[in-house]
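Data first, discussion second: the structure below is written as structure tokens.
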Amino acid sequence: MERQRTRDTAPEVALRSELHRLGLRYRVHTRPIGDVRRVADVVFRSAQLAVFVDGCFWHGCQEHGGVPKANSGWWRDKLDSNRARDIDTDAAFRQAGWEVVRVWEHEDPAVAARRIHGLVRSRVREAS
Ligand SMILES: [Zn+2]
């Protein structure tokens with residue numbers, strides 16, 4: 001299983017609809033930085049802000065993450081490598097001047113959307 005980030009999960013759709021309600025314009029599932037081979041879930045190009053909606057299991061949320069008992073060694077490696085990849089993605093984006101926001105699937109989408117809204121506005125202001 002190479003890629004478990006699936007498109008249009010329920011938490012992702014909920015977040016997008018909250019962002020839309022706040023009047024934000026964004027792109028979905030794009031690779032915003034040419035030489036960084038990572039696709040972000042929601043992209044604000046002018047603010048240079050990328051949003052990833054992370055599943056609690058796959059990305060190791062403190063509250064809901066955990067290693068399955070069957071094949072636990074394999075799972076531990078798998079989940080560790082997912083987390084390492086997330087850290088690597090964040091670093092690559094930041095190095096290119098982008099901000100990264102990670103939203104857990106368990107988060108209230110309205111709260112997450114307000115946080116993103118604030119960041120987008122401040123980053124667009126800084127740039128102009
Ligand atoms: Zn969680």
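Residues are referred to by chain and number: the chain letter is A, B, ... according to the order shown in the structure tokens, the number counts from 1 in that chain, and ligands are numbered separately from 1 in the order shown.
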
Please identify all protein, DNA and RNA residues within 8 Å of ligand 1, counting only C-alpha atoms and all ligand atoms, and report them as an MDAnalysis selection string. chainID A and resid 55:57 60:65 104:107

Residues at most 12 Å from stretch 25-32 of chain A, counting only C-alpha atoms, excluding those fewer than 2 positions away in the same chain, as number ranges by chain? A: 5-9, 12-13, 15-23, 34-53, 89, 92-93, 96-100, 116-117, 120-121

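With atom CA of A:Arg76 on one side and atom CA of A:Ala91 on the other, the separation reads 22.6 Å.
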
Would you mind listing what lies within 12 Å of A:Ser81 as a ChimeraX atom specification, with only C-alpha atoms counted and same-chain residues fewer than 4 positions away left out? /A:2-3,58-60,74-77,85-88

Requested write-out: N, CA, C and O atoms of the selected residues, as an mmCIF file, in the first residue's frame:
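Output below, filename selection34.cif:
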data_model
loop_
_atom_site.group_PDB
_atom_site.id
_atom_site.type_symbol
_atom_site.label_atom_id
_atom_site.label_comp_id
_atom_site.auth_asym_id
_atom_site.auth_seq_id
_atom_site.Cartn_x
_atom_site.Cartn_y
_atom_site.Cartn_z
ATOM 1 N N GLU A 2 1.072 1.805 -1.150
ATOM 2 C CA GLU A 2 2.033 2.875 -1.236
ATOM 3 C C GLU A 2 1.423 4.219 -0.847
ATOM 4 O O GLU A 2 2.102 5.073 -0.311
ATOM 5 N N ARG A 3 0.170 4.379 -1.107
ATOM 6 C CA ARG A 3 -0.385 5.707 -0.952
ATOM 7 C C ARG A 3 -1.748 5.599 -0.290
ATOM 8 O O ARG A 3 -2.693 5.087 -0.852
ATOM 9 N N TRP A 58 -3.486 6.890 9.964
ATOM 10 C CA TRP A 58 -2.335 6.847 9.059
ATOM 11 C C TRP A 58 -1.245 7.814 9.446
ATOM 12 O O TRP A 58 -0.073 7.606 9.136
ATOM 13 N N HIS A 59 -1.625 8.916 10.085
ATOM 14 C CA HIS A 59 -0.635 9.938 10.390
ATOM 15 C C HIS A 59 -0.293 9.992 11.874
ATOM 16 O O HIS A 59 0.434 10.866 12.313
ATOM 17 N N GLY A 60 -0.856 9.052 12.638
ATOM 18 C CA GLY A 60 -0.414 8.893 14.023
ATOM 19 C C GLY A 60 -0.861 9.978 14.975
ATOM 20 O O GLY A 60 -0.062 10.517 15.737
ATOM 21 N N TRP A 74 5.422 -4.571 11.342
ATOM 22 C CA TRP A 74 5.244 -4.006 10.011
ATOM 23 C C TRP A 74 4.484 -2.681 10.090
ATOM 24 O O TRP A 74 4.863 -1.688 9.474
ATOM 25 N N TRP A 75 3.421 -2.712 10.904
ATOM 26 C CA TRP A 75 2.621 -1.486 11.045
ATOM 27 C C TRP A 75 3.431 -0.353 11.663
ATOM 28 O O TRP A 75 3.302 0.805 11.255
ATOM 29 N N ARG A 76 4.244 -0.698 12.659
ATOM 30 C CA ARG A 76 5.030 0.354 13.307
ATOM 31 C C ARG A 76 5.945 1.023 12.273
ATOM 32 O O ARG A 76 6.035 2.241 12.201
ATOM 33 N N ASP A 77 6.608 0.204 11.473
ATOM 34 C CA ASP A 77 7.489 0.759 10.441
ATOM 35 C C ASP A 77 6.710 1.628 9.453
ATOM 36 O O ASP A 77 7.147 2.692 9.054
ATOM 37 N N ARG A 85 7.658 10.999 6.502
ATOM 38 C CA ARG A 85 7.341 11.629 5.226
ATOM 39 C C ARG A 85 6.622 12.968 5.442
ATOM 40 O O ARG A 85 6.880 13.942 4.743
ATOM 41 N N ASP A 86 5.728 13.008 6.415
ATOM 42 C CA ASP A 86 5.024 14.263 6.725
ATOM 43 C C ASP A 86 6.019 15.346 7.141
ATOM 44 O O ASP A 86 5.924 16.497 6.700
ATOM 45 N N ILE A 87 6.963 14.967 7.994
ATOM 46 C CA ILE A 87 7.959 15.935 8.464
ATOM 47 C C ILE A 87 8.805 16.424 7.294
ATOM 48 O O ILE A 87 9.094 17.610 7.155
ATOM 49 N N ASP A 88 9.148 15.492 6.422
ATOM 50 C CA ASP A 88 9.942 15.817 5.247
ATOM 51 C C ASP A 88 9.173 16.751 4.290
ATOM 52 O O ASP A 88 9.728 17.700 3.741
#

Of the candidates A:Pro68, A:Gly73, A:Gly118, A:Pro11, which one gets nearest to A:Leu24 if we count only C-alpha atoms?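 Answer, going by the shortest atom-to-atom distance: A:Gly118.
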
Take atom CA of A:Arg83 and atom CA of A:Arg123 and report the distance between them in Å, one decimal. 26.5 Å

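With only C-alpha atoms as the atoms that count, the residue of A:Lys78, A:Gln95, A:Ala70, A:Ala14 with the shortest distance to A:Asp108 is A:Ala14.
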
Calculate how many Å separate atom CA of A:Ala127 from atom CA of A:Ile33, rounding to one decimal. 17.4 Å

For A:Asn82, which residue out of A:Val124, A:Asp54, A:Pro109, A:Arg94 is the nearest one, using only C-alpha atoms? A:Asp54

Go through chain A and collect every residue that DSSP, computed from the backbone, puts in helix (DSSP H, G or I); the answer should be as an NGL selection string. :A and (10-21 or 72-95 or 109-127)
